[in-house]
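What follows is one structure encoded as structure tokens, with my remarks underneath.
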Amino acid sequence: MNTTRSGRPALTRPDGTPLHVLVVDDDPDLAEVLTGALRYEGWEVRAAADGASALSTARELLPDAVVLDVMLPDTDGFAVLRRLREAKPDVCVLFLTARDAVEDRIAGITAGGDDYVTKPFSLEEVVARLRGLLRRAGMARQLEDGPRLIVGDLVMDEEAREVTRAGDLIELSPTEFELLRFLMRNPRRVLSKAQILDRVWSYDFGGRAHVVELYISYLRKKIDAGREPMIHTVRGSGYVLKPVTK
């Protein structure tokens, strides 16, 4: 199987060459982290700190996808999106927005953005969203399908971002999906709140452990409601996902 260094099935352009991705954010630390994570996928990645340099870089790179911050020092991401689409109508755009900027998220989708993630976010979520966008747009191919995550009757298709239990489809928010993925990658292993925070909320979430309790409760309502529970609390230690024993 052809895989990336992250262990995911490799994703390329249809002709087998590396995907081109442009990261546009004026926070140099965040741009560096995002660029590194996307290069880990085997993609060619460039970064820009403002709208003018983003458009200049895009003319050279001809990106297949753009990770685009809504707030830029010289313009806004919506204006950049319009210019990008003039040159390359099929480019995939993933907006980065502030958590409380609901109007930005609505405006981004209305302006033609394909998807968005809110800050703070996990790098896994950004990578997964981009992979999904590129595949749905027909701009990428997976060299070989990767395995699904399976724990008991719980099944996660990471590429399609679908989860079923006993064949029933379960709708999850992006954060719920990332939390469940971490649990499913570590079945029968007790995971502390600190480990979960670091893995799921890796971008400066401030160590607020109560958010883990909140999202575990959300997952339980969707995964365990009306069924034998799979998500268990280990008092004083954390949480563990176990298949139901018959």
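The way I read the labels, and the way they are meant: chains A, B, ... in the order of the structure tokens, residue 1 as the first residue of every chain, and ligand 1 as the first ligand shown, with later ones counted on from there.
Summary of the local environment: counting only C-alpha atoms, residues at most 10 Å from stretch 162-173 of chain A, other than itself and those fewer than 5 positions away along its chain, are Arg148, Leu149, Ile150, Val151, Gly152, Asp153, Leu154, Val155, Met156, Asp157, Glu178, Leu179, Leu180, Arg181, Tyr218, Leu219, Lys222, Ile223, Asp224 and Arg227 of chain A.
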Find the residues near A:Leu38: any atom within 10 Å, counting only C-alpha atoms, skip ones fewer than 2 places away on the same chain, and give them as a ChimeraX atom specification. /A:19-23,33-36,40-46,123-124,126-127,130
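Between atom CA of A:Arg59 and atom CA of A:Ala87 lies a distance of 8.1 Å.
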Could you pull out all residues of stretch 52-220 of chain A with a DSSP call of helix (DSSP H, G or I) and give them as a ChimeraX atom specification? /A:52-61,77-87,102-110,123-136,174-184,193-200,210-220
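With only C-alpha atoms as the atoms that count, the minimum distance from A:Asp74 to the choices A:Glu213, A:Asp25, A:Asp114, A:Glu125 is reached by A:Asp25.
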Near-A:Asp90 list (12 Å; only C-alpha atoms; drop same-chain fewer than 3 positions) as a PDB file with N, CA and C atoms, in the first residue's frame:
ATOM      1  N   LEU A  62       0.033  27.395  -9.024  1.00  0.00           N
ATOM      2  CA  LEU A  62      -1.186  26.805  -9.585  1.00  0.00           C
ATOM      3  C   LEU A  62      -1.758  25.768  -8.618  1.00  0.00           C
ATOM      4  N   PRO A  63      -2.205  26.226  -7.443  1.00  0.00           N
ATOM      5  CA  PRO A  63      -2.632  25.284  -6.402  1.00  0.00           C
ATOM      6  C   PRO A  63      -3.902  24.521  -6.758  1.00  0.00           C
ATOM      7  N   ASP A  64      -3.964  23.289  -6.261  1.00  0.00           N
ATOM      8  CA  ASP A  64      -5.184  22.501  -6.347  1.00  0.00           C
ATOM      9  C   ASP A  64      -6.130  22.866  -5.206  1.00  0.00           C
ATOM     10  N   ALA A  65      -5.541  23.322  -4.084  1.00  0.00           N
ATOM     11  CA  ALA A  65      -6.336  23.696  -2.915  1.00  0.00           C
ATOM     12  C   ALA A  65      -5.641  24.842  -2.188  1.00  0.00           C
ATOM     13  N   VAL A  66      -6.452  25.650  -1.495  1.00  0.00           N
ATOM     14  CA  VAL A  66      -5.938  26.790  -0.725  1.00  0.00           C
ATOM     15  C   VAL A  66      -6.553  26.752   0.664  1.00  0.00           C
ATOM     16  N   LEU A  81     -10.400  34.906  -2.597  1.00  0.00           N
ATOM     17  CA  LEU A  81     -11.104  33.784  -3.216  1.00  0.00           C
ATOM     18  C   LEU A  81     -11.619  34.160  -4.603  1.00  0.00           C
ATOM     19  N   ARG A  82     -12.208  35.337  -4.707  1.00  0.00           N
ATOM     20  CA  ARG A  82     -12.748  35.759  -6.006  1.00  0.00           C
ATOM     21  C   ARG A  82     -11.647  35.842  -7.065  1.00  0.00           C
ATOM     22  N   LEU A  84      -8.728  34.260  -7.009  1.00  0.00           N
ATOM     23  CA  LEU A  84      -8.218  32.911  -7.268  1.00  0.00           C
ATOM     24  C   LEU A  84      -9.112  32.175  -8.252  1.00  0.00           C
ATOM     25  N   ARG A  85     -10.411  32.290  -8.062  1.00  0.00           N
ATOM     26  CA  ARG A  85     -11.358  31.572  -8.905  1.00  0.00           C
ATOM     27  C   ARG A  85     -11.382  32.138 -10.323  1.00  0.00           C
ATOM     28  N   GLU A  86     -11.026  33.422 -10.481  1.00  0.00           N
ATOM     29  CA  GLU A  86     -10.939  33.978 -11.828  1.00  0.00           C
ATOM     30  C   GLU A  86      -9.843  33.270 -12.627  1.00  0.00           C
ATOM     31  N   ALA A  87      -8.727  32.971 -11.938  1.00  0.00           N
ATOM     32  CA  ALA A  87      -7.596  32.330 -12.608  1.00  0.00           C
ATOM     33  C   ALA A  87      -7.743  30.813 -12.673  1.00  0.00           C
ATOM     34  N   VAL A  93     -11.154  25.563  -1.842  1.00  0.00           N
ATOM     35  CA  VAL A  93     -10.807  26.559  -0.828  1.00  0.00           C
ATOM     36  C   VAL A  93     -11.378  26.156   0.526  1.00  0.00           C
ATOM     37  N   GLY A 112     -18.428  31.199  -2.049  1.00  0.00           N
ATOM     38  CA  GLY A 112     -17.944  30.110  -2.891  1.00  0.00           C
ATOM     39  C   GLY A 112     -16.893  29.240  -2.248  1.00  0.00           C
ATOM     40  N   GLY A 113     -16.614  29.434  -0.957  1.00  0.00           N
ATOM     41  CA  GLY A 113     -15.684  28.554  -0.259  1.00  0.00           C
ATOM     42  C   GLY A 113     -16.266  27.151  -0.170  1.00  0.00           C
ATOM     43  N   ASP A 114     -15.416  26.163  -0.240  1.00  0.00           N
ATOM     44  CA  ASP A 114     -15.894  24.778  -0.234  1.00  0.00           C
ATOM     45  C   ASP A 114     -16.148  24.254   1.167  1.00  0.00           C
ATOM     46  N   LEU A 133     -12.143  17.288   0.302  1.00  0.00           N
ATOM     47  CA  LEU A 133     -12.476  18.266  -0.732  1.00  0.00           C
ATOM     48  C   LEU A 133     -11.843  17.893  -2.064  1.00  0.00           C
ATOM     49  N   LEU A 134     -10.566  17.546  -2.029  1.00  0.00           N
ATOM     50  CA  LEU A 134      -9.839  17.240  -3.260  1.00  0.00           C
ATOM     51  C   LEU A 134     -10.390  15.992  -3.944  1.00  0.00           C
ATOM     52  N   ARG A 136     -13.515  14.766  -3.607  1.00  0.00           N
ATOM     53  CA  ARG A 136     -14.866  15.028  -4.115  1.00  0.00           C
ATOM     54  C   ARG A 136     -14.835  15.881  -5.377  1.00  0.00           C
ATOM     55  N   ALA A 137     -13.834  16.773  -5.474  1.00  0.00           N
ATOM     56  CA  ALA A 137     -13.706  17.635  -6.644  1.00  0.00           C
ATOM     57  C   ALA A 137     -13.100  16.904  -7.831  1.00  0.00           C
ATOM     58  N   GLY A 138     -12.661  15.662  -7.623  1.00  0.00           N
ATOM     59  CA  GLY A 138     -12.065  14.895  -8.703  1.00  0.00           C
ATOM     60  C   GLY A 138     -10.669  15.354  -9.063  1.00  0.00           C
ATOM     61  N   MET A 139     -10.025  16.087  -8.139  1.00  0.00           N
ATOM     62  CA  MET A 139      -8.693  16.628  -8.409  1.00  0.00           C
ATOM     63  C   MET A 139      -7.592  15.752  -7.841  1.00  0.00           C
TER      64      MET A 139
END
From atom CA of A:Arg131 to atom CA of A:Arg189 the spacing works out at 28.1 Å
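Straight-line separation from atom CA of A:Val200 to atom CA of A:Thr118: 13.4 Å.
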Using backbone DSSP assignments, extract all strand (DSSP E or B) residues from stretch 175-245 of chain A; output them as an NGL selection string. :A and (191 or 231-234 or 238-241)
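With distances taken over only C-alpha atoms, A:Asp26 is the one residue among A:Asp26, A:Asp198, A:Asp15, A:Glu176 lying closest to A:Leu72.
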Would you kindly return, as a VMD selection string, each protein, DNA or RNA residue with an atom no farther than 10 Å from any atom of A:Ala48, considering only C-alpha atoms and excluding same-chain residues fewer than 2 positions away? chain A and resid 22 to 28 31 46 50 to 58 68
Neighbours of stretch 194-196 of chain A within 12 Å (only C-alpha atoms; same-chain residues fewer than 5 positions away dropped), as a list in words? Ser122, Thr175, Glu176, Glu178, Leu179, Leu180, Arg181, Phe182, Leu183, Asn186, Arg189, Trp201, Ser202, Phe205, Gly206, Gly207, Arg208, Ala209, His210, Val211, Val212, Glu213, Tyr215, Ile216, Ser237, Gly238, Tyr239 and Val240 of chain A
